[in-house]
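Notes follow the structure.
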Amino acid sequence: MVGMTSAPSATAPAALSPAQQLEQNGFVRFTDVLDPVTMDTLLLRAHATLLREKEAAREAVKSNGSLIHLSDNPEYADVIGSPKIAELLREVGATDPRWTGGFLISKPAGGPPLFWHQDWWGWTEPESYDVRAHQLFVMIYLTDTTPENGCLRVIPGTHLRDHPLHHLEAAHSEGLQSFANPDAVDYAAHPDEVAVPVKAGDVLIGDSRLIHGAYANRTNEERPLLTLWYMPHWSGMSPGMRARGMENYLRRDDIRTSVARPLTPLDWTPVLRQRVEAVLPTYEDSEPPVPWHRTPDTSRLIPA
């Protein structure tokens with residue numbers, strides 16, 4: 001079940017722009033984006049955040065390692081609203097990026113692999129089958145990360161192309177998150193997988209439709225990751241899609257929470273909100289949200 005460390009690493013032809021890499025492969029890696037002082041500060045915050053999380057909450061999402069919503073932890077406001085992150089989003093083609101959520105996903109020493117999944121929720125809508133992504137993840141690993149300690153693994157091109165892993169159990173179920181069945185194929189190595197190792201300070205941006213997972217952490221050190229979610233073309237989306245995006249931002253989705261009263265940036269102080277104001281979503285239309293639907297119609301994807 002544990003991903004093999006001999007998996008090939010992701011590389012991209014130098015001739016492709018970041019936007020082209022994202023369109024072709026479903027993800028792109030930027031190197032040396034965040035300086036060592038910033039990374040050390042984020043790592044210290046992450047360890048403090050993890051210290052406050054109850055062990056039972058982490059066990060419930062054992063495959064993830066932790067799933068701590070950043071809206072409950074506004075001390076990450078500066079990275080959510082970072083001009084450097086906004087610049088990278090523009091480089092991959094974002095026209096009006098808005099943040100709708102994010103997590104500290106930290107795999108502890110000895111933690112199991114993360115199940116294969118894709119994260120898009122709007123598969124009922126025709127635009128979900130376009131080349132252009134409507135939701136992007138921004139991953140910031142806070143330590144050097146390899147297959148040995150739980151780096152990302154992806155199936156390139158599956159943001160647009162059908163793949164056998166699309167036909168597994170619906171992702172994010174309680175059983176998958178809790179690693180209830182370690183022998184499930186959802187955690188297993190796959191011949192199409194590509195490892196995406198990074199150095200602390202690198203940033204990964206990917207299409208939420210991309211099938212991905214993570215290797216087990218076979219070291220004796222925590223492997224922390226910040227995952228930020230942005231909708232890159234907010235003002236150009238249909239009203240129903242924006243309405244669903246607002247529901248996600250307000251935390252009316254299927255994401256597990258370990259707190260009694262989940263917060264959103266609407267609960268933050270003005271000083272904190274000011275750090276993220278430029279990337280917060282707004283919605284003035286009356287259109288109802290599109291249905292929350294995580295499973296693609298694979299007949300509308302490019303055949304495998």
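Labels for the structure tokens follow display order: chains A, B, ..., residues from 1 in each chain, ligands from 1.
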
Problem - Exercise: Gly110 of chain A partners within 7 Å, only C-alpha atoms, chain neighbours under 3 positions left out, as a list in words - result: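 Within the cut-off, the hits are Asn217, Arg218, Thr219 and Asn220 of chain A.
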
Exercise for the section: Within 9 Å of Ser258 of chain A, counting only C-alpha atoms, which residues show up once you throw out same-chain ones fewer than 6 positions away? Write them as a list in words, please. Expected result: Glu53, Lys54, Ala57, Arg58, Leu67, Ile68 and His69 of chain A

Handout entry: Shell around Gly175 of chain A at 10 Å using only C-alpha atoms, local window under 6 positions removed, as a PyMOL selection string
Key = chain A and resi 60-63+181

Serialized selection, C-alpha atoms, as a CSV table (one decimal), in the first residue's frame:
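Saved as part_33.csv:
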chain,number,residue,atom,x,y,z
A,60,ALA,CA,-10.4,10.5,12.5
A,61,VAL,CA,-8.4,11.8,9.5
A,62,LYS,CA,-5.4,9.5,9.9
A,63,SER,CA,-4.9,9.1,6.1
A,181,ASN,CA,-8.9,-0.6,5.6

Problem - Which residue of A:Arg261, A:Arg251, A:Arg98, A:Arg256 approaches Ala278 of chain A most closely, using only C-alpha atoms - result: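 Going through A:Arg261, A:Arg251, A:Arg98, A:Arg256 one by one, the smallest distance to Ala278 of chain A is for A:Arg98.
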
Practice task
Kindly give the distance, in Å, that separates atom CA of Gly102 of chain A and atom CA of Thr227 of chain A, rounded to a single decimal.
Solution key: 5.4 Å
